[in-house]
>>> print(open('run.csv').read())   # CSV, C-alpha atoms
chain,number,residue,atom,x,y,z
A,5,MET,CA,74.2,-13.2,11.8
A,6,ALA,CA,76.6,-14.2,14.5
A,7,TYR,CA,76.0,-14.5,18.2
A,8,GLY,CA,75.3,-11.1,19.8
A,9,ASP,CA,74.3,-9.3,16.5
A,10,LYS,CA,71.1,-7.3,16.0
A,11,ARG,CA,69.3,-7.9,19.2
A,12,ASN,CA,66.3,-5.5,19.4
A,13,ARG,CA,64.8,-5.5,22.9
A,14,LEU,CA,61.0,-5.6,23.1
A,15,TYR,CA,60.3,-6.7,26.6
A,16,SER,CA,62.1,-6.4,30.0
A,17,ASP,CA,61.5,-7.0,33.7
A,18,ALA,CA,63.5,-6.2,36.8
A,19,PHE,CA,61.2,-8.4,38.9
A,20,ASP,CA,60.1,-6.0,41.7
A,21,SER,CA,57.1,-8.3,41.4
A,22,ILE,CA,55.8,-10.9,39.0
A,23,SER,CA,53.5,-8.8,36.8
A,24,ALA,CA,50.5,-9.7,34.8
A,25,SER,CA,52.7,-9.9,31.8
A,26,TRP,CA,53.6,-13.4,32.9
A,27,THR,CA,51.7,-16.6,33.3
A,28,ASN,CA,53.2,-18.2,36.3
A,29,SER,CA,53.1,-21.9,37.2
A,30,VAL,CA,52.6,-23.0,33.6
A,31,LEU,CA,50.9,-26.4,33.1
A,32,GLY,CA,50.8,-27.2,36.7
A,33,ALA,CA,54.5,-26.6,37.3
A,34,GLY,CA,55.7,-24.9,40.5
A,35,ALA,CA,55.5,-21.1,40.7
A,36,ILE,CA,58.4,-18.8,40.4
A,37,ALA,CA,58.5,-16.3,43.4
A,38,VAL,CA,60.0,-13.0,44.1
A,39,SER,CA,63.0,-13.5,46.5
A,40,GLY,CA,63.6,-11.5,49.7
A,41,ASP,CA,66.7,-9.7,48.4
A,42,GLY,CA,65.6,-8.9,44.9
A,43,GLY,CA,65.0,-10.9,41.8
A,44,ILE,CA,63.2,-14.2,41.4
A,45,GLN,CA,63.8,-17.8,42.5
A,46,PRO,CA,62.0,-21.1,42.5
A,47,GLY,CA,59.0,-20.9,44.7
A,48,SER,CA,59.4,-24.5,45.8
A,49,VAL,CA,62.2,-26.9,46.1
A,50,ASN,CA,62.7,-30.0,44.0
A,51,ALA,CA,60.1,-29.0,41.4
A,52,GLU,CA,60.3,-27.4,38.0
A,53,CYS,CA,59.0,-23.8,38.4
A,54,ILE,CA,58.0,-22.3,35.1
A,55,MET,CA,56.5,-19.0,33.9
A,56,ALA,CA,55.8,-17.8,30.4
A,57,TYR,CA,55.8,-14.3,29.0
A,58,ASN,CA,52.4,-13.4,27.6
A,59,SER,CA,53.7,-11.6,24.5
A,60,SER,CA,55.8,-13.3,21.9
A,61,PRO,CA,58.7,-11.9,20.0
A,62,ALA,CA,59.3,-12.8,16.3
A,63,ALA,CA,60.5,-16.3,15.3
A,64,ASP,CA,64.1,-15.0,15.2
A,65,GLN,CA,64.3,-14.1,18.9
A,66,TYR,CA,66.5,-13.9,22.0
A,67,SER,CA,66.1,-13.7,25.7
A,68,THR,CA,68.7,-12.8,28.4
A,69,VAL,CA,68.7,-13.0,32.1
A,70,THR,CA,71.0,-11.4,34.6
A,71,VAL,CA,71.9,-13.8,37.4
A,72,GLN,CA,72.5,-13.1,41.1
A,73,THR,CA,74.3,-16.3,41.5
A,74,LEU,CA,74.5,-19.9,40.3
A,75,SER,CA,76.0,-21.8,43.2
A,76,ALA,CA,78.3,-24.6,42.5
A,77,ALA,CA,77.6,-26.0,46.0
A,78,ASP,CA,74.4,-27.9,45.3
A,79,TYR,CA,72.4,-28.9,42.3
A,80,ASN,CA,70.4,-26.1,40.8
A,81,GLU,CA,69.6,-24.9,37.3
A,82,PHE,CA,67.6,-22.5,35.2
A,83,LYS,CA,66.5,-22.5,31.7
A,84,LEU,CA,65.7,-19.9,29.1
A,85,LEU,CA,62.8,-21.1,27.0
A,86,GLY,CA,62.2,-20.1,23.4
A,87,ARG,CA,59.7,-20.7,20.6
A,88,THR,CA,57.3,-22.1,23.2
A,89,GLN,CA,54.3,-23.7,21.5
A,90,ALA,CA,50.6,-23.2,22.3
A,91,SER,CA,49.8,-24.8,25.6
A,92,PHE,CA,53.5,-25.3,26.2
A,93,THR,CA,53.5,-28.6,24.2
A,94,GLY,CA,57.0,-27.9,23.0
A,95,TYR,CA,59.9,-25.4,23.1
A,96,TYR,CA,63.6,-24.9,23.0
A,97,GLU,CA,65.6,-24.4,26.1
A,98,PHE,CA,69.1,-23.2,27.0
A,99,ARG,CA,69.9,-24.8,30.4
A,100,LEU,CA,72.6,-23.9,32.8
A,101,SER,CA,73.1,-26.3,35.6
A,102,SER,CA,75.5,-26.9,38.4
A,103,GLY,CA,76.2,-29.6,40.9
A,104,ALA,CA,78.6,-30.2,43.7
A,105,GLY,CA,82.0,-31.0,42.1
A,106,ALA,CA,80.5,-31.2,38.7
A,107,GLY,CA,81.1,-27.7,37.4
A,108,HIS,CA,78.6,-26.0,35.2
A,109,LYS,CA,77.1,-27.4,32.1
A,110,TYR,CA,75.6,-25.5,29.1
A,111,GLU,CA,73.0,-27.5,27.3
A,112,LEU,CA,70.5,-27.0,24.5
A,113,PHE,CA,67.4,-29.1,24.5
A,114,VAL,CA,64.3,-29.4,22.5
A,115,VAL,CA,61.0,-30.5,24.0
A,116,THR,CA,59.0,-31.9,21.2
A,117,SER,CA,55.5,-32.5,22.7
A,118,SER,CA,53.9,-32.6,26.1
A,119,GLY,CA,55.0,-35.3,28.5
A,120,ALA,CA,58.3,-37.0,28.5
A,121,SER,CA,60.0,-35.7,25.4
A,122,GLU,CA,63.1,-33.8,26.4
A,123,VAL,CA,65.9,-34.2,23.8
A,124,SER,CA,69.5,-33.2,24.4
A,125,ILE,CA,70.8,-31.6,21.2
A,126,ALA,CA,74.1,-30.0,22.3
A,127,ASN,CA,76.1,-29.6,25.5
A,128,THR,CA,79.4,-28.6,26.8
A,129,GLY,CA,80.7,-27.9,30.3
A,130,THR,CA,83.0,-25.5,32.0
A,131,PRO,CA,84.1,-25.3,35.6
A,132,GLY,CA,83.2,-22.4,38.0
A,133,ALA,CA,80.2,-20.6,39.4
A,134,LEU,CA,78.1,-17.9,37.8
A,135,ASN,CA,78.6,-14.7,39.7
A,136,ALA,CA,76.3,-11.7,40.3
A,137,GLY,CA,75.7,-9.5,37.3
A,138,TRP,CA,76.7,-12.1,34.7
A,139,THR,CA,74.2,-12.6,31.9
A,140,VAL,CA,72.9,-15.7,30.1
A,141,THR,CA,71.4,-15.5,26.6
A,142,MET,CA,69.7,-17.8,24.2
A,143,GLU,CA,69.3,-16.8,20.6
A,144,ILE,CA,67.2,-18.6,18.0
A,145,GLU,CA,67.6,-17.5,14.4
A,146,GLY,CA,66.1,-19.5,11.6
A,147,THR,CA,67.2,-23.1,12.4
A,148,THR,CA,70.3,-22.0,14.4
A,149,LEU,CA,70.2,-22.1,18.2
A,150,ARG,CA,72.9,-20.3,20.3
A,151,GLY,CA,73.5,-20.1,24.0
A,152,GLY,CA,76.0,-17.8,25.5
A,153,THR,CA,77.1,-16.1,28.7
A,154,ASN,CA,78.9,-12.9,29.8
A,155,GLU,CA,81.2,-14.3,32.4
A,156,GLY,CA,83.1,-11.0,33.0
A,157,SER,CA,85.0,-11.1,29.8
A,158,GLY,CA,82.4,-10.2,27.2
A,159,ASP,CA,79.2,-11.8,25.9
A,160,THR,CA,80.5,-15.1,24.5
A,161,GLN,CA,78.8,-18.0,22.7
A,162,GLN,CA,79.2,-21.2,24.6
A,163,VAL,CA,77.2,-23.7,22.6
A,164,THR,CA,75.3,-23.8,19.2
A,165,THR,CA,73.5,-26.3,17.0
A,166,THR,CA,70.9,-26.5,14.2
A,167,ASP,CA,67.4,-27.8,14.7
A,168,ASN,CA,64.1,-27.5,12.7
A,169,THR,CA,61.5,-28.7,15.2
A,170,HIS,CA,59.8,-25.5,16.1
A,171,ALA,CA,59.3,-22.6,13.7
A,172,SER,CA,58.1,-19.8,16.1
A,173,GLY,CA,56.7,-19.2,19.5
A,174,GLY,CA,57.0,-17.4,22.8
A,175,VAL,CA,59.6,-17.1,25.6
A,176,GLY,CA,59.7,-18.1,29.3
A,177,ILE,CA,61.8,-19.1,32.3
A,178,ASP,CA,62.1,-22.4,34.1
A,179,MET,CA,64.0,-22.7,37.4
A,180,LEU,CA,64.8,-25.7,39.6
A,181,ALA,CA,66.6,-26.2,42.9
A,182,LEU,CA,67.1,-29.3,44.9
A,183,SER,CA,67.5,-27.5,48.2
A,184,VAL,CA,66.5,-24.1,49.6
A,185,ALA,CA,70.2,-23.1,50.0
A,186,ALA,CA,70.8,-23.8,46.3
A,187,ARG,CA,68.0,-21.6,45.0
A,188,ASP,CA,69.6,-19.5,42.3
A,189,GLN,CA,68.2,-16.1,41.5
A,190,ILE,CA,67.6,-14.1,38.4
A,191,THR,CA,67.6,-10.3,38.9
A,192,ALA,CA,66.6,-9.1,35.4
A,193,TRP,CA,65.2,-10.4,32.1
A,194,GLU,CA,64.8,-9.1,28.6
A,195,ALA,CA,63.7,-10.5,25.3
A,196,GLY,CA,63.2,-9.4,21.7
A,197,ASN,CA,63.8,-10.0,18.1
A,198,ILE,CA,67.0,-10.7,16.2
A,199,ALA,CA,66.8,-8.5,13.1
A,200,PRO,CA,68.7,-5.9,11.2
A,201,ILE,CA,67.8,-2.4,12.3
A,202,PRO,CA,65.1,-1.1,9.9
A,203,PRO,CA,66.5,1.4,7.3
A,204,VAL,CA,64.1,4.1,8.6
A,205,ALA,CA,65.3,3.7,12.1
A,206,ALA,CA,68.9,3.7,11.0
A,207,THR,CA,68.4,6.9,9.1
A,208,GLN,CA,66.7,8.5,12.1
A,209,LEU,CA,69.7,7.5,14.3
A,210,ILE,CA,72.1,9.2,11.9
A,211,VAL,CA,70.0,12.4,11.8
A,212,ARG,CA,69.9,12.4,15.6
A,213,ARG,CA,73.7,12.0,15.9
A,214,LEU,CA,74.3,14.8,13.3
A,215,ARG,CA,71.9,17.1,15.2
A,216,THR,CA,73.7,16.3,18.5
A,217,ARG,CA,77.1,17.0,16.9
A,218,TYR,CA,76.0,20.4,15.4
A,219,ALA,CA,74.1,21.4,18.5
A,220,ALA,CA,77.3,21.0,20.4
B,1,MET,CA,90.4,-33.7,23.1
B,2,ALA,CA,89.4,-35.4,19.8
B,3,VAL,CA,86.1,-34.6,18.0
B,4,GLU,CA,84.4,-37.1,15.7
B,5,LEU,CA,81.1,-37.5,14.0
B,6,PHE,CA,79.1,-40.8,14.2
B,7,LEU,CA,75.8,-42.1,12.9
B,8,VAL,CA,74.2,-43.7,16.0
B,9,PRO,CA,70.8,-44.6,17.5
B,10,MET,CA,69.0,-42.3,19.9
B,11,GLU,CA,68.5,-43.5,23.5
B,12,GLY,CA,66.8,-42.3,26.7
B,13,SER,CA,63.2,-42.0,27.8
B,14,GLY,CA,62.7,-38.2,27.7
B,15,VAL,CA,62.3,-37.8,31.4
B,16,ARG,CA,64.4,-35.6,33.8
B,17,GLY,CA,67.9,-37.2,34.2
B,18,ASP,CA,67.3,-39.5,31.2
B,19,PRO,CA,66.6,-37.3,28.2
B,20,PHE,CA,66.5,-38.6,24.7
B,21,ARG,CA,70.0,-38.2,23.4
B,22,ALA,CA,72.6,-39.6,21.0
B,23,LYS,CA,73.8,-43.1,22.2
B,24,TYR,CA,77.4,-43.0,23.5
B,25,ALA,CA,77.3,-39.2,23.9
B,26,SER,CA,76.5,-39.0,27.6
B,27,ASP,CA,79.4,-41.2,28.9
B,28,ALA,CA,81.6,-39.6,31.6
B,29,ASN,CA,84.4,-39.5,29.0
B,30,VAL,CA,82.4,-37.1,26.8
B,31,THR,CA,83.3,-33.4,27.3
B,32,ALA,CA,81.0,-32.0,24.6
B,33,ALA,CA,78.4,-33.4,22.3
B,34,GLY,CA,75.8,-32.5,19.7
B,35,ALA,CA,73.0,-34.4,18.0
B,36,ILE,CA,71.0,-33.8,14.8
B,37,ARG,CA,68.3,-36.4,15.0
B,38,SER,CA,65.7,-37.9,12.6
B,39,SER,CA,63.5,-38.2,15.6
B,40,ARG,CA,64.0,-38.6,19.3
B,41,GLN,CA,63.3,-42.4,19.1
B,42,ASP,CA,65.3,-43.5,16.0
B,43,GLU,CA,68.6,-42.2,14.7
B,44,CYS,CA,70.9,-39.2,14.6
B,45,LEU,CA,74.2,-37.7,13.6
B,46,ALA,CA,76.2,-37.2,16.7
B,47,LEU,CA,79.3,-35.1,17.4
B,48,ILE,CA,81.3,-36.4,20.3
B,49,GLN,CA,84.3,-34.8,21.9
B,50,ALA,CA,86.2,-37.3,24.1
B,51,PRO,CA,89.6,-39.0,24.5
B,52,GLN,CA,90.6,-40.9,21.3
B,53,ALA,CA,90.4,-44.2,23.1
B,54,TYR,CA,86.7,-43.7,23.9
B,55,LEU,CA,85.9,-42.6,20.4
B,56,ASP,CA,87.6,-45.7,19.1
B,57,SER,CA,85.5,-47.8,21.4
B,58,VAL,CA,82.3,-46.1,20.0
B,59,ALA,CA,83.5,-46.8,16.5
B,60,ALA,CA,83.8,-50.5,17.4
B,61,GLN,CA,80.1,-50.7,18.4
B,62,ALA,CA,77.8,-52.6,15.9
B,63,ASP,CA,75.2,-49.9,15.9
B,64,ALA,CA,77.6,-46.9,15.4
B,65,LEU,CA,79.3,-45.7,12.3
B,66,ARG,CA,82.2,-43.3,12.4
B,67,VAL,CA,81.8,-41.1,9.4
B,68,ALA,CA,84.3,-38.2,10.0
B,69,THR,CA,86.8,-36.6,12.2
B,70,VAL,CA,87.4,-32.9,12.3
B,71,GLY,CA,90.7,-33.6,10.5
B,72,ASN,CA,89.2,-35.6,7.6
B,73,ILE,CA,85.8,-34.0,7.1
B,74,ASP,CA,86.8,-32.5,3.8
B,75,SER,CA,88.3,-35.7,2.4
B,76,THR,CA,86.3,-37.8,-0.1
B,77,LEU,CA,84.6,-41.1,0.5
B,78,ASN,CA,86.0,-44.0,-1.4
B,79,GLN,CA,83.8,-46.9,-2.6
B,80,ALA,CA,84.0,-48.9,0.6
B,81,GLN,CA,83.4,-45.9,2.8
B,82,SER,CA,80.4,-44.7,0.7
B,83,ASP,CA,79.0,-48.3,0.8
B,84,ALA,CA,79.3,-48.4,4.6
B,85,VAL,CA,77.4,-45.2,5.1
B,86,ARG,CA,74.7,-46.2,2.6
B,87,ALA,CA,74.3,-49.6,4.2
B,88,TRP,CA,73.9,-48.0,7.7
B,89,LEU,CA,71.3,-45.7,6.4
B,90,GLU,CA,69.3,-48.2,4.3
B,91,ALA,CA,69.2,-50.6,7.2
B,92,ARG,CA,67.2,-47.9,9.0
B,93,ASN,CA,64.9,-46.9,6.2
B,94,ILE,CA,66.9,-43.8,5.4
B,95,PRO,CA,67.7,-43.3,1.7
B,96,GLY,CA,71.4,-44.0,1.1
B,97,ASP,CA,71.0,-42.3,-2.3
B,98,VAL,CA,72.1,-39.0,-0.9
B,99,VAL,CA,75.7,-40.3,-0.3
B,100,ASN,CA,78.0,-41.1,-3.2
B,101,VAL,CA,81.5,-42.1,-3.9
B,102,GLY,CA,83.6,-38.9,-4.3
B,103,ASP,CA,81.5,-36.9,-1.9
B,104,THR,CA,83.4,-35.3,0.9
B,105,ARG,CA,82.4,-36.5,4.3
B,106,ARG,CA,81.0,-33.0,5.0
B,107,GLN,CA,78.8,-33.2,1.9
B,108,ALA,CA,77.5,-36.6,2.9
B,109,LEU,CA,76.7,-35.5,6.4
B,110,ARG,CA,75.0,-32.3,5.3
B,111,ALA,CA,72.8,-34.4,2.9
B,112,ILE,CA,71.8,-36.7,5.7
B,113,CYS,CA,71.0,-33.8,8.1
B,114,ARG,CA,68.8,-32.1,5.5
B,115,MET,CA,66.5,-35.2,5.5
B,116,PHE,CA,66.4,-35.2,9.2
B,117,PHE,CA,65.3,-31.5,9.4
B,118,PHE,CA,62.0,-32.3,7.7
B,119,CYS,CA,61.5,-35.3,10.0
B,120,GLN,CA,62.1,-33.0,13.1
B,121,ARG,CA,59.3,-30.6,12.1
B,122,ALA,CA,56.8,-33.5,12.1
B,123,GLU,CA,58.1,-34.4,15.6
B,124,GLY,CA,57.4,-30.8,16.7
B,125,ILE,CA,53.9,-30.9,15.4
B,126,TYR,CA,52.9,-34.6,16.0
B,127,GLY,CA,55.4,-35.8,18.6
B,128,THR,CA,56.9,-38.3,16.2
B,129,GLY,CA,59.5,-37.7,13.5
B,130,PHE,CA,58.2,-38.2,9.9
B,131,LYS,CA,60.4,-41.1,9.0
B,132,LYS,CA,59.6,-43.0,12.2
B,133,LEU,CA,55.9,-42.1,11.8
B,134,ALA,CA,56.0,-43.7,8.3
B,135,VAL,CA,58.0,-46.8,9.3
B,136,ASP,CA,55.7,-47.4,12.3
B,137,ALA,CA,52.8,-47.4,9.9
B,138,GLY,CA,54.4,-50.2,7.8
B,139,ILE,CA,55.7,-47.9,5.1
B,140,THR,CA,59.1,-48.9,3.5
B,141,LEU,CA,61.3,-46.8,1.3
B,142,SER,CA,59.7,-48.4,-1.7
B,143,THR,CA,56.1,-47.6,-0.7
B,144,PRO,CA,54.3,-45.1,-3.0
B,145,PHE,CA,52.7,-42.1,-1.4
B,146,SER,CA,49.2,-43.2,-2.6
B,147,SER,CA,49.6,-46.4,-0.6
B,148,PHE,CA,50.5,-44.5,2.7
B,149,PRO,CA,47.7,-44.7,5.3
B,150,GLN,CA,45.5,-41.6,5.0
B,151,SER,CA,46.7,-40.2,8.4
B,152,VAL,CA,50.3,-40.4,7.2
B,153,GLN,CA,49.5,-38.7,4.0
B,154,ASP,CA,47.7,-35.9,5.9
B,155,LYS,CA,50.6,-35.4,8.2
B,156,PHE,CA,53.1,-35.3,5.4
B,157,ILE,CA,51.1,-32.6,3.7
B,158,ALA,CA,50.7,-30.6,6.9
B,159,VAL,CA,54.4,-30.6,7.6
B,160,ARG,CA,55.1,-29.7,4.0
B,161,ASP,CA,52.7,-26.8,4.2
B,162,ALA,CA,54.2,-25.7,7.5
B,163,HIS,CA,57.3,-25.1,5.5
B,164,GLY,CA,55.4,-23.2,2.8
B,165,TRP,CA,56.4,-25.5,0.0
B,166,GLY,CA,54.4,-26.7,-3.0
B,167,ASN,CA,54.2,-30.3,-4.3
B,168,LEU,CA,58.0,-30.5,-4.9
B,169,GLY,CA,57.3,-32.4,-8.0
B,170,LEU,CA,56.0,-35.3,-6.0
B,171,THR,CA,53.0,-37.4,-7.1
B,172,GLY,CA,51.0,-40.3,-5.7
B,173,ALA,CA,53.5,-42.6,-7.3
B,174,SER,CA,56.5,-41.1,-5.4
B,175,THR,CA,58.0,-43.5,-2.9
B,176,LEU,CA,59.1,-42.6,0.6
B,177,ARG,CA,62.6,-42.7,-0.7
B,178,GLN,CA,61.9,-40.1,-3.3
B,179,ILE,CA,59.9,-38.0,-0.8
B,180,LEU,CA,62.7,-37.9,1.7
B,181,VAL,CA,65.2,-37.0,-0.9
B,182,ALA,CA,62.9,-34.2,-2.3
B,183,VAL,CA,62.3,-32.6,1.1
B,184,ALA,CA,66.0,-32.7,1.8
B,185,GLY,CA,66.6,-30.7,-1.3
B,186,GLN,CA,64.6,-27.8,0.2
B,187,PHE,CA,67.3,-27.3,2.9
B,188,GLN,CA,70.1,-26.9,0.3
B,189,GLY,CA,72.4,-24.1,1.4
B,190,ILE,CA,71.2,-24.0,5.0
B,191,GLU,CA,73.8,-23.3,7.6
B,192,ILE,CA,74.3,-26.4,9.7
B,193,TRP,CA,76.0,-26.5,13.2
B,194,ILE,CA,76.4,-29.5,15.4
B,195,GLY,CA,77.8,-29.1,18.8
B,196,GLY,CA,79.5,-25.9,17.8
B,197,VAL,CA,81.1,-27.3,14.7
B,198,ALA,CA,80.0,-26.0,11.2
B,199,LEU,CA,79.2,-28.7,8.7
>>> encode(input="run.csv", output="structure tokens")
Amino acid sequence: MAYGDKRNRLYSDAFDSISASWTNSVLGAGAIAVSGDGGIQPGSVNAECIMAYNSSPAADQYSTVTVQTLSAADYNEFKLLGRTQASFTGYYEFRLSSGAGAGHKYELFVVTSSGASEVSIANTGTPGALNAGWTVTMEIEGTTLRGGTNEGSGDTQQVTTTDNTHASGGVGIDMLALSVAARDQITAWEAGNIAPIPPVAATQLIVRRLRTRYAA
Amino acid sequence: MAVELFLVPMEGSGVRGDPFRAKYASDANVTAAGAIRSSRQDECLALIQAPQAYLDSVAAQADALRVATVGNIDSTLNQAQSDAVRAWLEARNIPGDVVNVGDTRRQALRAICRMFFFCQRAEGIYGTGFKKLAVDAGITLSTPFSSFPQSVQDKFIAVRDAHGWGNLGLTGASTLRQILVAVAGQFQGIEIWIGGVAL
């Protein structure tokens, strides 16, 4: 399937609070906090802040965040984590980062075991900031990883590669800011499976549409 | 901006600001990159997008081998080109058998990646890619499975089982060379992307 196909949402969060559906401050990392004006942000500066969702989608999975901003003024970044392993010993990540004058960079990484094991497997850059309401998505389907954004002109794949390190696992969010002013915010999150709509569900959808048509 | 594919070592320490990555792929000249690795600490196939002068400088490095450009990826390897790829691989305990005269560059690169995919899963489970794990234990491409240390045998079986495969026709007499070729065959037909380019 191509980027954007067959996303079936299972979980979502608008972050009025950080609910019990999340494990915050994973593995001793900093905590992610609810921000004063809606959404979430790193709870501390100059530290990785990570939280993991307590339920896992299927191996073929996606997660999407809506950003409030990703400033180009100071270094900050956030990462969508996928196929997180037990005890967070490994995972895939789609990272968006920015730095003064450096523009934004889209990067796919794999972390292969606990400790220092971050591996860059694909990256590309593009200038400009991320604006409020834009979305960032990571898809993992089989051995294909895709990262994409909706930068006001449609949900578009930005980077892709193939990797076979992790077969399945959970989802999470990792945020980092090097200054208080640079703390980026996420206002919504969702995750789910990448899969064709089951035949029964598709049939039910057709019946519902026919009923709606004839009722009118 | 030109795009070319190289066989290169990995570099980096895995920490923030210095991730493991394809050597020559993080230079300021590079505008996009991708890496399909055997493991984070040995070798990879790298896609590098950069000005042609920079790509030519990478090709001149002793530890790098330029295998294809986007323009010639479907052209065939002649004897000298095939020999060069095989020599680079064999020098790093990667079977060169999977590359032959008359193969297109795309076919050769896909064959190499398929071996790497199995090694990656071992890295996901044990923190070390399978080929590196074997070489670190003193195993060469000619060593039969029955002579592998027990721990390496167990890890191979665990990674094989994680893929849901059977014996793949392998026996205790099968060498590391035969094993890597056999597991690569299980990824036949897989869709392979590197840095946004389909192989």
>>> interface_residues(input="run.csv", of="chain B", to="chain A", cutoff="6 Å", atoms="all atoms listed in the file", output="list in words")
Gly14, Val15, Pro19, Phe20, Arg21, Ala32, Ala33, Gly34, Ala35, Phe117, Gln120, Arg121, Gly124, Gly127, Ile192, Trp193, Ile194, Gly195 and Gly196 of chain B
>>> closest_residue(input="run.csv", among="A:Ser23, A:Met5, A:Met55, A:Gly47", to="Ile177 of chain A", atoms="all atoms listed in the file")
A:Met55
>>> closest_residue(input="run.csv", among="A:Gly196, A:Gly174, A:Pro46, A:Gly34", to="Ser67 of chain A", atoms="all atoms listed in the file")
A:Gly196
>>> atom_distance(input="run.csv", atom1="atom CA of Val58 of chain B", atom2="atom CA of Val70 of chain B")
16.1 Å
>>> residues_around(input="run.csv", residues="Gly71 of chain B", least_positions_apart="4", cutoff="9 Å", atoms="only C-alpha atoms", output="VMD selection string")
chain B and resid 3 to 4 75
>>> residues_around(input="run.csv", residues="Gly189 of chain B", least_positions_apart="6", cutoff="12 Å", atoms="all atoms listed in the file", output="VMD selection string")
chain B and resid 107 110 to 111 113 to 114 199
>>> write_last_selection(input="run.csv", atoms="C-alpha atoms", output="compact mmCIF listing (two decimals), in the frame of the given file")
# COMPACT_ATOMS: atom_id res chain seq x y z
CA GLN B 107 78.80 -33.20 1.90
CA ARG B 110 75.00 -32.30 5.30
CA ALA B 111 72.80 -34.40 2.90
CA CYS B 113 71.00 -33.80 8.10
CA ARG B 114 68.80 -32.10 5.50
CA LEU B 199 79.20 -28.70 8.70
>>> closest_residue(input="run.csv", among="B:Asp63, B:Asp42, B:Asp27, B:Asp83", to="Met10 of chain B", atoms="only C-alpha atoms")
B:Asp42
>>> residues_around(input="run.csv", residues="Glu143 of chain A", least_positions_apart="2", cutoff="10 Å", atoms="all atoms listed in the file", output="count of residues only")
27
>>> closest_residue(input="run.csv", among="B:Leu180, B:Leu55, B:Ala91, B:Val8", to="Met115 of chain B", atoms="only C-alpha atoms")
B:Leu180
>>> residues_near_point(input="run.csv", point="(55.3, -41.0, -2.7)", cutoff="12 Å", atoms="all atoms listed in the file", output="PDB file with C-alpha atoms, in the frame of the given file")
ATOM      1  CA  ALA B 134      56.000 -43.700   8.300  1.00  0.00           C
ATOM      2  CA  ILE B 139      55.700 -47.900   5.100  1.00  0.00           C
ATOM      3  CA  THR B 140      59.100 -48.900   3.500  1.00  0.00           C
ATOM      4  CA  LEU B 141      61.300 -46.800   1.300  1.00  0.00           C
ATOM      5  CA  SER B 142      59.700 -48.400  -1.700  1.00  0.00           C
ATOM      6  CA  THR B 143      56.100 -47.600  -0.700  1.00  0.00           C
ATOM      7  CA  PRO B 144      54.300 -45.100  -3.000  1.00  0.00           C
ATOM      8  CA  PHE B 145      52.700 -42.100  -1.400  1.00  0.00           C
ATOM      9  CA  SER B 146      49.200 -43.200  -2.600  1.00  0.00           C
ATOM     10  CA  SER B 147      49.600 -46.400  -0.600  1.00  0.00           C
ATOM     11  CA  PHE B 148      50.500 -44.500   2.700  1.00  0.00           C
ATOM     12  CA  PRO B 149      47.700 -44.700   5.300  1.00  0.00           C
ATOM     13  CA  VAL B 152      50.300 -40.400   7.200  1.00  0.00           C
ATOM     14  CA  GLN B 153      49.500 -38.700   4.000  1.00  0.00           C
ATOM     15  CA  PHE B 156      53.100 -35.300   5.400  1.00  0.00           C
ATOM     16  CA  ILE B 157      51.100 -32.600   3.700  1.00  0.00           C
ATOM     17  CA  ASN B 167      54.200 -30.300  -4.300  1.00  0.00           C
ATOM     18  CA  LEU B 168      58.000 -30.500  -4.900  1.00  0.00           C
ATOM     19  CA  GLY B 169      57.300 -32.400  -8.000  1.00  0.00           C
ATOM     20  CA  LEU B 170      56.000 -35.300  -6.000  1.00  0.00           C
ATOM     21  CA  THR B 171      53.000 -37.400  -7.100  1.00  0.00           C
ATOM     22  CA  GLY B 172      51.000 -40.300  -5.700  1.00  0.00           C
ATOM     23  CA  ALA B 173      53.500 -42.600  -7.300  1.00  0.00           C
ATOM     24  CA  SER B 174      56.500 -41.100  -5.400  1.00  0.00           C
ATOM     25  CA  THR B 175      58.000 -43.500  -2.900  1.00  0.00           C
ATOM     26  CA  LEU B 176      59.100 -42.600   0.600  1.00  0.00           C
ATOM     27  CA  ARG B 177      62.600 -42.700  -0.700  1.00  0.00           C
ATOM     28  CA  GLN B 178      61.900 -40.100  -3.300  1.00  0.00           C
ATOM     29  CA  ILE B 179      59.900 -38.000  -0.800  1.00  0.00           C
ATOM     30  CA  LEU B 180      62.700 -37.900   1.700  1.00  0.00           C
ATOM     31  CA  VAL B 181      65.200 -37.000  -0.900  1.00  0.00           C
ATOM     32  CA  ALA B 182      62.900 -34.200  -2.300  1.00  0.00           C
ATOM     33  CA  VAL B 183      62.300 -32.600   1.100  1.00  0.00           C
TER      34      VAL B 183
END
>>> atom_distance(input="run.csv", atom1="atom CA of Phe82 of chain A", atom2="atom CA of Ala25 of chain B")
22.4 Å
>>> residues_around(input="run.csv", residues="Thr128 of chain B", least_positions_apart="3", cutoff="9 Å", atoms="all atoms listed in the file", output="ChimeraX atom specification")
/A:116-117 /B:39-41,119-120,122-125,131-133
>>> closest_residue(input="run.csv", among="A:Gly173, A:Pro61, A:Gly43, A:Gly137", to="Glu155 of chain A", atoms="all atoms listed in the file")
A:Gly137
>>> residues_near_point(input="run.csv", point="(56.3, -11.2, 40.5)", cutoff="10 Å", atoms="only C-alpha atoms", output="PyMOL selection string")
chain A and resi 17-26+28+35-39+43-44
>>> closest_residue(input="run.csv", among="A:Thr153, A:Gln72, A:Gln45, A:Ser16", to="Asp178 of chain A", atoms="all atoms listed in the file")
A:Gln45
>>> atom_distance(input="run.csv", atom1="atom CA of Leu5 of chain B", atom2="atom CA of Asp159 of chain A")
28.4 Å
>>> residues_around(input="run.csv", residues="Met1 of chain B", least_positions_apart="3", cutoff="9 Å", atoms="all atoms listed in the file", output="PDB file with C-alpha atoms, in the frame of the given file")
ATOM      1  CA  THR B  31      83.300 -33.400  27.300  1.00  0.00           C
ATOM      2  CA  GLN B  49      84.300 -34.800  21.900  1.00  0.00           C
ATOM      3  CA  ALA B  50      86.200 -37.300  24.100  1.00  0.00           C
ATOM      4  CA  PRO B  51      89.600 -39.000  24.500  1.00  0.00           C
ATOM      5  CA  GLN B  52      90.600 -40.900  21.300  1.00  0.00           C
TER       6      GLN B  52
END
